[in-house]
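For reference, the structure discussed in these notes is given below.
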Amino acid sequence: RERRTARTTCLIGNHEFCLLAFLGLLPRPQAEPDFSFRDTWDRKDVVSKNERERWWGSGEDNPVAEDVHLQGRRWGGSYYERSYGSAATFASYGAERGDREALLKAIPEDHLEFLRCCPWIHVEDHALLGRLVFVHAGLEADGSAACEEQIARLLDRDARHPQPAALFGREGVLHTPPQLS
């Protein structure tokens, strides 16, 4: 591989994002270091009342849960179990499902460091192909949002949005945004 200058770049996707969110390891936005992740879920436009009952830390006095990103609260509770299989992650590390502290202690530091260091996007210029942009679930392809703004948020690892679309599945991720074609 080295002779051909091949390399592998691991990107954060929705599963890793949710795990990091649950563990409280998402970076604070550089533009707003005092940002509270509560702002990702304490809104009526994002979540329904019935959904909240299935989050990690709901129905109990848990000050830690107050500043966990929406996706972490969903992942650690029963909300995403069918889609994300978070129970398998707890089991694989020998932690009881929903036990944040036990999971945090059980995951080896090198696993956590790997996840914390993975980029959310990879951009490079290629001599033959031009600008190459790689993200887990694609950029908005309909031209409704500026690609450069999306790229900047991902490069900054900005977790202020309740569900960063470029990290979570959606329709049309195989299409190239017009700004990049």
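Convention: chains lettered A, B, ... in structure tokens order; per-chain residue numbering from 1; ligands numbered from 1 as shown.
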
To test your reading of the structure, identify every residue in region 87-177 of chain A that backbone DSSP assigns to helix (DSSP H, G or I), and report it as a PyMOL selection string. chain A and resi 87-92+100-106+109-117+147-155+165-167

Write out as number ranges by chain each polymer residue whose atoms come within 8 Å of Ala106 (chain A), counting only C-alpha atoms; drop sequence neighbours fewer than 2 positions from it. A: 93-95, 102-104, 108

Dump of C-alpha atoms for the selected residues, as a CSV table (one decimal), in the first residue's frame:
chain,number,residue,atom,x,y,z
A,93,TYR,CA,-17.9,-3.7,26.5
A,94,GLY,CA,-19.6,-5.6,29.4
A,95,ALA,CA,-21.7,-2.7,30.6
A,102,ALA,CA,-19.8,1.9,33.2
A,103,LEU,CA,-19.5,2.1,29.5
A,104,LEU,CA,-17.1,5.1,29.7
A,108,PRO,CA,-10.3,1.3,26.3

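If you look at CA of Arg160 (chain A) and CA of Val47 (chain A), they are 15.4 Å away from each other.
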
Of the listed residues A:Ala159, A:Phe22, A:Ser36, A:His15, that which approaches Arg97 (chain A) most closely, counting only C-alpha atoms: A:Phe22

Counting only C-alpha atoms, the residue of A:Asp39, A:Ile12, A:Leu112, A:Ile107 that sits nearest Thr89 (chain A):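 The closest residue to Thr89 (chain A) is A:Ile107.
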
Near Leu20 (chain A), within 12 Å and counting only C-alpha atoms, which residues show up once chain neighbours fewer than 6 positions away are dropped, as an mmCIF file with all heavy atoms, in the first residue's frame?
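Output (around_17.cif):
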data_model
loop_
_atom_site.group_PDB
_atom_site.id
_atom_site.type_symbol
_atom_site.label_atom_id
_atom_site.label_comp_id
_atom_site.auth_asym_id
_atom_site.auth_seq_id
_atom_site.Cartn_x
_atom_site.Cartn_y
_atom_site.Cartn_z
ATOM 1 N N ILE A 12 -16.240 9.874 10.941
ATOM 2 C CA ILE A 12 -17.334 9.723 11.893
ATOM 3 C C ILE A 12 -18.639 9.637 11.109
ATOM 4 O O ILE A 12 -18.871 10.404 10.175
ATOM 5 C CB ILE A 12 -17.383 10.937 12.855
ATOM 6 C CG1 ILE A 12 -16.246 10.865 13.857
ATOM 7 C CG2 ILE A 12 -18.729 11.034 13.576
ATOM 8 C CD1 ILE A 12 -16.337 9.736 14.858
ATOM 9 N N GLY A 13 -19.477 8.705 11.494
ATOM 10 C CA GLY A 13 -20.818 8.582 10.941
ATOM 11 C C GLY A 13 -21.827 8.735 12.066
ATOM 12 O O GLY A 13 -21.478 9.090 13.196
ATOM 13 N N ASN A 14 -23.080 8.442 11.770
ATOM 14 C CA ASN A 14 -24.131 8.652 12.758
ATOM 15 C C ASN A 14 -23.979 7.767 13.993
ATOM 16 O O ASN A 14 -24.225 8.210 15.110
ATOM 17 C CB ASN A 14 -25.507 8.487 12.129
ATOM 18 C CG ASN A 14 -25.663 7.211 11.335
ATOM 19 O OD1 ASN A 14 -24.705 6.667 10.786
ATOM 20 N ND2 ASN A 14 -26.883 6.727 11.243
ATOM 21 N N LEU A 26 -18.461 14.714 22.605
ATOM 22 C CA LEU A 26 -18.512 15.582 21.423
ATOM 23 C C LEU A 26 -17.797 16.889 21.752
ATOM 24 O O LEU A 26 -17.909 17.402 22.872
ATOM 25 C CB LEU A 26 -19.956 15.901 21.041
ATOM 26 C CG LEU A 26 -20.754 14.792 20.377
ATOM 27 C CD1 LEU A 26 -22.182 15.266 20.109
ATOM 28 C CD2 LEU A 26 -20.106 14.336 19.090
ATOM 29 N N PRO A 27 -17.090 17.431 20.793
ATOM 30 C CA PRO A 27 -16.405 18.707 21.059
ATOM 31 C C PRO A 27 -17.401 19.856 21.155
ATOM 32 O O PRO A 27 -18.442 19.861 20.500
ATOM 33 C CB PRO A 27 -15.503 18.876 19.833
ATOM 34 C CG PRO A 27 -16.171 18.095 18.753
ATOM 35 C CD PRO A 27 -16.857 16.938 19.434
ATOM 36 N N VAL A 68 -26.371 16.491 27.597
ATOM 37 C CA VAL A 68 -26.027 15.462 26.614
ATOM 38 C C VAL A 68 -26.767 15.794 25.327
ATOM 39 O O VAL A 68 -27.962 16.119 25.339
ATOM 40 C CB VAL A 68 -26.402 14.049 27.126
ATOM 41 C CG1 VAL A 68 -26.232 12.997 26.044
ATOM 42 C CG2 VAL A 68 -25.548 13.690 28.336
ATOM 43 N N HIS A 69 -26.080 15.717 24.216
ATOM 44 C CA HIS A 69 -26.662 16.000 22.897
ATOM 45 C C HIS A 69 -27.884 15.112 22.658
ATOM 46 O O HIS A 69 -27.950 13.980 23.135
ATOM 47 C CB HIS A 69 -25.596 15.742 21.826
ATOM 48 C CG HIS A 69 -25.944 16.239 20.471
ATOM 49 N ND1 HIS A 69 -26.831 15.594 19.646
ATOM 50 C CD2 HIS A 69 -25.521 17.335 19.795
ATOM 51 C CE1 HIS A 69 -26.940 16.260 18.516
ATOM 52 N NE2 HIS A 69 -26.151 17.326 18.572
ATOM 53 N N LEU A 70 -28.841 15.635 21.918
ATOM 54 C CA LEU A 70 -30.061 14.900 21.587
ATOM 55 C C LEU A 70 -29.762 13.488 21.091
ATOM 56 O O LEU A 70 -30.369 12.510 21.540
ATOM 57 C CB LEU A 70 -30.853 15.659 20.510
ATOM 58 C CG LEU A 70 -32.014 14.896 19.861
ATOM 59 C CD1 LEU A 70 -33.090 14.582 20.882
ATOM 60 C CD2 LEU A 70 -32.584 15.688 18.701
ATOM 61 N N GLN A 71 -28.806 13.343 20.194
ATOM 62 C CA GLN A 71 -28.527 12.025 19.627
ATOM 63 C C GLN A 71 -27.956 11.064 20.674
ATOM 64 O O GLN A 71 -28.209 9.863 20.608
ATOM 65 C CB GLN A 71 -27.590 12.143 18.426
ATOM 66 C CG GLN A 71 -28.165 12.964 17.297
ATOM 67 C CD GLN A 71 -29.522 12.454 16.841
ATOM 68 O OE1 GLN A 71 -29.785 11.266 16.797
ATOM 69 N NE2 GLN A 71 -30.408 13.370 16.494
ATOM 70 N N GLY A 72 -27.238 11.565 21.643
ATOM 71 C CA GLY A 72 -26.735 10.728 22.721
ATOM 72 C C GLY A 72 -27.850 10.252 23.631
ATOM 73 O O GLY A 72 -27.862 9.104 24.076
ATOM 74 N N ARG A 73 -28.813 11.119 23.913
ATOM 75 C CA ARG A 73 -29.950 10.737 24.760
ATOM 76 C C ARG A 73 -30.811 9.707 24.033
ATOM 77 O O ARG A 73 -31.298 8.769 24.654
ATOM 78 C CB ARG A 73 -30.763 11.966 25.138
ATOM 79 C CG ARG A 73 -29.923 12.912 26.008
ATOM 80 C CD ARG A 73 -30.716 13.871 26.795
ATOM 81 N NE ARG A 73 -31.509 13.177 27.797
ATOM 82 C CZ ARG A 73 -32.446 13.780 28.509
ATOM 83 N NH1 ARG A 73 -32.700 15.049 28.340
ATOM 84 N NH2 ARG A 73 -33.139 13.109 29.407
ATOM 85 N N TRP A 75 -29.705 7.597 21.658
ATOM 86 C CA TRP A 75 -28.894 6.384 21.531
ATOM 87 C C TRP A 75 -28.855 5.589 22.826
ATOM 88 O O TRP A 75 -28.948 4.370 22.820
ATOM 89 C CB TRP A 75 -27.484 6.769 21.086
ATOM 90 C CG TRP A 75 -26.599 5.611 20.789
ATOM 91 C CD1 TRP A 75 -26.453 4.983 19.591
ATOM 92 C CD2 TRP A 75 -25.711 4.950 21.689
ATOM 93 N NE1 TRP A 75 -25.540 3.963 19.702
ATOM 94 C CE2 TRP A 75 -25.071 3.925 20.976
ATOM 95 C CE3 TRP A 75 -25.395 5.127 23.034
ATOM 96 C CZ2 TRP A 75 -24.137 3.080 21.560
ATOM 97 C CZ3 TRP A 75 -24.470 4.293 23.619
ATOM 98 C CH2 TRP A 75 -23.846 3.279 22.879
ATOM 99 N N GLY A 76 -28.707 6.255 23.960
ATOM 100 C CA GLY A 76 -28.596 5.577 25.243
ATOM 101 C C GLY A 76 -29.903 5.055 25.793
ATOM 102 O O GLY A 76 -29.921 4.195 26.664
ATOM 103 N N ARG A 100 -24.047 4.806 31.559
ATOM 104 C CA ARG A 100 -23.063 5.662 30.888
ATOM 105 C C ARG A 100 -21.680 5.575 31.536
ATOM 106 O O ARG A 100 -20.668 5.448 30.843
ATOM 107 C CB ARG A 100 -23.578 7.097 30.896
ATOM 108 C CG ARG A 100 -22.677 8.097 30.215
ATOM 109 C CD ARG A 100 -23.364 9.459 30.260
ATOM 110 N NE ARG A 100 -22.632 10.450 29.526
ATOM 111 C CZ ARG A 100 -21.954 11.444 30.104
ATOM 112 N NH1 ARG A 100 -21.904 11.549 31.408
ATOM 113 N NH2 ARG A 100 -21.332 12.330 29.362
ATOM 114 N N LEU A 103 -19.983 2.222 30.837
ATOM 115 C CA LEU A 103 -19.522 2.134 29.450
ATOM 116 C C LEU A 103 -18.275 2.986 29.246
ATOM 117 O O LEU A 103 -17.305 2.547 28.624
ATOM 118 C CB LEU A 103 -20.633 2.560 28.485
ATOM 119 C CG LEU A 103 -20.317 2.435 27.004
ATOM 120 C CD1 LEU A 103 -20.005 0.982 26.631
ATOM 121 C CD2 LEU A 103 -21.474 2.964 26.163
ATOM 122 N N LEU A 104 -18.294 4.174 29.796
ATOM 123 C CA LEU A 104 -17.136 5.072 29.675
ATOM 124 C C LEU A 104 -15.882 4.446 30.289
ATOM 125 O O LEU A 104 -14.792 4.547 29.735
ATOM 126 C CB LEU A 104 -17.455 6.404 30.335
ATOM 127 C CG LEU A 104 -16.586 7.601 30.019
ATOM 128 C CD1 LEU A 104 -16.439 7.819 28.525
ATOM 129 C CD2 LEU A 104 -17.155 8.849 30.658
ATOM 130 N N ILE A 107 -14.722 1.154 27.958
ATOM 131 C CA ILE A 107 -14.139 1.349 26.630
ATOM 132 C C ILE A 107 -12.667 1.747 26.794
ATOM 133 O O ILE A 107 -12.364 2.731 27.472
ATOM 134 C CB ILE A 107 -14.892 2.430 25.833
ATOM 135 C CG1 ILE A 107 -16.343 2.004 25.608
ATOM 136 C CG2 ILE A 107 -14.208 2.691 24.492
ATOM 137 C CD1 ILE A 107 -17.197 3.063 24.912
ATOM 138 N N HIS A 111 -9.590 3.256 22.085
ATOM 139 C CA HIS A 111 -10.833 3.265 21.294
ATOM 140 C C HIS A 111 -11.456 4.663 21.328
ATOM 141 O O HIS A 111 -11.891 5.189 20.295
ATOM 142 C CB HIS A 111 -11.842 2.263 21.847
ATOM 143 C CG HIS A 111 -11.438 0.838 21.696
ATOM 144 N ND1 HIS A 111 -12.344 -0.191 21.787
ATOM 145 C CD2 HIS A 111 -10.241 0.249 21.465
ATOM 146 C CE1 HIS A 111 -11.724 -1.344 21.633
ATOM 147 N NE2 HIS A 111 -10.444 -1.095 21.435
ATOM 148 N N LEU A 112 -11.513 5.231 22.526
ATOM 149 C CA LEU A 112 -12.100 6.571 22.659
ATOM 150 C C LEU A 112 -11.290 7.603 21.895
ATOM 151 O O LEU A 112 -11.855 8.466 21.214
ATOM 152 C CB LEU A 112 -12.189 6.957 24.140
ATOM 153 C CG LEU A 112 -13.124 6.107 25.001
ATOM 154 C CD1 LEU A 112 -12.987 6.501 26.463
ATOM 155 C CD2 LEU A 112 -14.557 6.237 24.532
ATOM 156 N N GLU A 113 -9.979 7.514 21.992
ATOM 157 C CA GLU A 113 -9.117 8.464 21.284
ATOM 158 C C GLU A 113 -9.290 8.341 19.775
ATOM 159 O O GLU A 113 -9.342 9.334 19.062
ATOM 160 C CB GLU A 113 -7.655 8.245 21.685
ATOM 161 C CG GLU A 113 -6.710 9.280 21.120
ATOM 162 C CD GLU A 113 -7.028 10.704 21.566
ATOM 163 O OE1 GLU A 113 -7.667 10.914 22.618
ATOM 164 O OE2 GLU A 113 -6.634 11.633 20.839
ATOM 165 N N PHE A 114 -9.396 7.106 19.288
ATOM 166 C CA PHE A 114 -9.634 6.888 17.862
ATOM 167 C C PHE A 114 -10.917 7.586 17.427
ATOM 168 O O PHE A 114 -10.935 8.319 16.433
ATOM 169 C CB PHE A 114 -9.713 5.390 17.557
ATOM 170 C CG PHE A 114 -10.165 5.090 16.158
ATOM 171 C CD1 PHE A 114 -9.284 5.190 15.094
ATOM 172 C CD2 PHE A 114 -11.475 4.715 15.895
ATOM 173 C CE1 PHE A 114 -9.689 4.929 13.801
ATOM 174 C CE2 PHE A 114 -11.897 4.455 14.606
ATOM 175 C CZ PHE A 114 -10.997 4.564 13.557
ATOM 176 N N LEU A 115 -11.998 7.387 18.170
ATOM 177 C CA LEU A 115 -13.284 7.996 17.817
ATOM 178 C C LEU A 115 -13.229 9.516 17.904
ATOM 179 O O LEU A 115 -13.768 10.217 17.045
ATOM 180 C CB LEU A 115 -14.394 7.459 18.717
ATOM 181 C CG LEU A 115 -14.747 5.993 18.500
ATOM 182 C CD1 LEU A 115 -15.682 5.501 19.594
ATOM 183 C CD2 LEU A 115 -15.362 5.784 17.129
ATOM 184 N N ARG A 116 -12.580 10.029 18.948
ATOM 185 C CA ARG A 116 -12.482 11.489 19.099
ATOM 186 C C ARG A 116 -11.674 12.123 17.973
ATOM 187 O O ARG A 116 -11.909 13.270 17.592
ATOM 188 C CB ARG A 116 -11.836 11.845 20.437
ATOM 189 C CG ARG A 116 -12.773 11.758 21.615
ATOM 190 C CD ARG A 116 -12.167 12.405 22.855
ATOM 191 N NE ARG A 116 -10.995 11.712 23.327
ATOM 192 C CZ ARG A 116 -10.939 10.947 24.412
ATOM 193 N NH1 ARG A 116 -12.003 10.764 25.142
ATOM 194 N NH2 ARG A 116 -9.820 10.361 24.765
ATOM 195 N N CYS A 117 -10.706 11.384 17.439
ATOM 196 C CA CYS A 117 -9.814 11.947 16.418
ATOM 197 C C CYS A 117 -10.325 11.786 14.989
ATOM 198 O O CYS A 117 -9.806 12.443 14.082
ATOM 199 C CB CYS A 117 -8.437 11.303 16.527
ATOM 200 S SG CYS A 117 -7.558 11.823 18.003
ATOM 201 N N CYS A 118 -11.294 10.936 14.778
ATOM 202 C CA CYS A 118 -11.802 10.745 13.407
ATOM 203 C C CYS A 118 -12.426 12.038 12.891
ATOM 204 O O CYS A 118 -13.220 12.669 13.589
ATOM 205 C CB CYS A 118 -12.856 9.642 13.372
ATOM 206 S SG CYS A 118 -12.196 7.979 13.457
ATOM 207 N N ALA A 159 -21.281 20.567 16.553
ATOM 208 C CA ALA A 159 -22.362 19.670 16.974
ATOM 209 C C ALA A 159 -23.578 20.422 17.506
ATOM 210 O O ALA A 159 -24.385 19.855 18.235
ATOM 211 C CB ALA A 159 -21.841 18.700 18.027
#

Separation of CA of Leu139 (chain A) from CA of Ile151 (chain A), in Å and rounded to one decimal: 8.1 Å

Would you give me, as an NGL selection string, the residues in chain A that DSSP reads as strand (DSSP E or B)? :A and (122-126 or 130-134)

Okay, now the selection with all heavy atoms, as a CSV table (one decimal), in the first residue's frame?
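So the final result, stored in selection_24.csv, reads:
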chain,number,residue,atom,x,y,z
A,122,HIS,N,-13.7,14.6,5.0
A,122,HIS,CA,-12.3,14.6,4.4
A,122,HIS,C,-12.4,15.3,3.1
A,122,HIS,O,-13.2,15.0,2.2
A,122,HIS,CB,-11.8,13.2,4.2
A,122,HIS,CG,-10.5,13.1,3.6
A,122,HIS,ND1,-9.3,13.4,4.3
A,122,HIS,CD2,-10.1,12.8,2.3
A,122,HIS,CE1,-8.3,13.3,3.5
A,122,HIS,NE2,-8.7,12.9,2.3
A,123,VAL,N,-11.6,16.3,2.9
A,123,VAL,CA,-11.5,17.1,1.6
A,123,VAL,C,-10.1,17.1,1.1
A,123,VAL,O,-9.2,17.3,1.9
A,123,VAL,CB,-12.0,18.6,1.9
A,123,VAL,CG1,-11.9,19.4,0.6
A,123,VAL,CG2,-13.4,18.6,2.5
A,124,GLU,N,-9.9,16.8,-0.1
A,124,GLU,CA,-8.6,16.9,-0.7
A,124,GLU,C,-8.7,17.3,-2.2
A,124,GLU,O,-9.7,17.1,-2.8
A,124,GLU,CB,-7.9,15.5,-0.6
A,124,GLU,CG,-8.4,14.4,-1.3
A,124,GLU,CD,-7.6,13.1,-1.1
A,124,GLU,OE1,-7.7,12.5,0.0
A,124,GLU,OE2,-6.9,12.7,-2.1
A,125,ASP,N,-7.6,17.8,-2.7
A,125,ASP,CA,-7.5,18.2,-4.1
A,125,ASP,C,-6.7,17.1,-4.8
A,125,ASP,O,-5.6,16.7,-4.3
A,125,ASP,CB,-6.8,19.5,-4.3
A,125,ASP,CG,-7.7,20.7,-3.7
A,125,ASP,OD1,-8.9,20.6,-4.1
A,125,ASP,OD2,-7.2,21.5,-3.0
A,126,HIS,N,-7.3,16.6,-5.9
A,126,HIS,CA,-6.6,15.5,-6.6
A,126,HIS,C,-6.2,16.1,-8.0
A,126,HIS,O,-7.0,16.8,-8.6
A,126,HIS,CB,-7.6,14.4,-6.8
A,126,HIS,CG,-7.0,13.1,-7.4
A,126,HIS,ND1,-6.9,13.0,-8.7
A,126,HIS,CD2,-6.5,12.0,-6.8
A,126,HIS,CE1,-6.3,11.8,-9.0
A,126,HIS,NE2,-6.1,11.2,-7.8
A,130,GLY,N,-9.8,16.7,-9.3
A,130,GLY,CA,-10.2,17.9,-8.8
A,130,GLY,C,-10.5,17.8,-7.3
A,130,GLY,O,-9.9,17.0,-6.6
A,131,ARG,N,-11.4,18.6,-6.8
A,131,ARG,CA,-11.7,18.6,-5.3
A,131,ARG,C,-12.6,17.4,-5.0
A,131,ARG,O,-13.6,17.2,-5.6
A,131,ARG,CB,-12.4,19.9,-5.0
A,131,ARG,CG,-12.7,20.1,-3.5
A,131,ARG,CD,-13.4,21.4,-3.3
A,131,ARG,NE,-13.4,21.7,-1.9
A,131,ARG,CZ,-14.3,22.5,-1.4
A,131,ARG,NH1,-15.2,23.2,-2.2
A,131,ARG,NH2,-14.4,22.7,-0.1
A,132,LEU,N,-12.1,16.7,-4.0
A,132,LEU,CA,-12.8,15.5,-3.5
A,132,LEU,C,-13.3,15.7,-2.1
A,132,LEU,O,-12.6,16.2,-1.3
A,132,LEU,CB,-11.9,14.2,-3.6
A,132,LEU,CG,-11.3,13.9,-4.9
A,132,LEU,CD1,-10.3,12.7,-4.7
A,132,LEU,CD2,-12.3,13.6,-5.9
A,133,VAL,N,-14.6,15.5,-1.9
A,133,VAL,CA,-15.2,15.7,-0.6
A,133,VAL,C,-15.9,14.4,-0.1
A,133,VAL,O,-16.7,13.8,-0.9
A,133,VAL,CB,-16.3,16.8,-0.6
A,133,VAL,CG1,-16.9,17.0,0.7
A,133,VAL,CG2,-15.7,18.1,-1.1
A,134,PHE,N,-15.5,13.9,1.0
A,134,PHE,CA,-16.0,12.6,1.5
A,134,PHE,C,-16.7,12.9,2.9
A,134,PHE,O,-16.1,13.5,3.8
A,134,PHE,CB,-14.9,11.6,1.8
A,134,PHE,CG,-14.2,11.3,0.5
A,134,PHE,CD1,-13.0,12.0,0.2
A,134,PHE,CD2,-14.6,10.3,-0.3
A,134,PHE,CE1,-12.3,11.7,-1.0
A,134,PHE,CE2,-13.9,10.0,-1.5
A,134,PHE,CZ,-12.7,10.7,-1.8
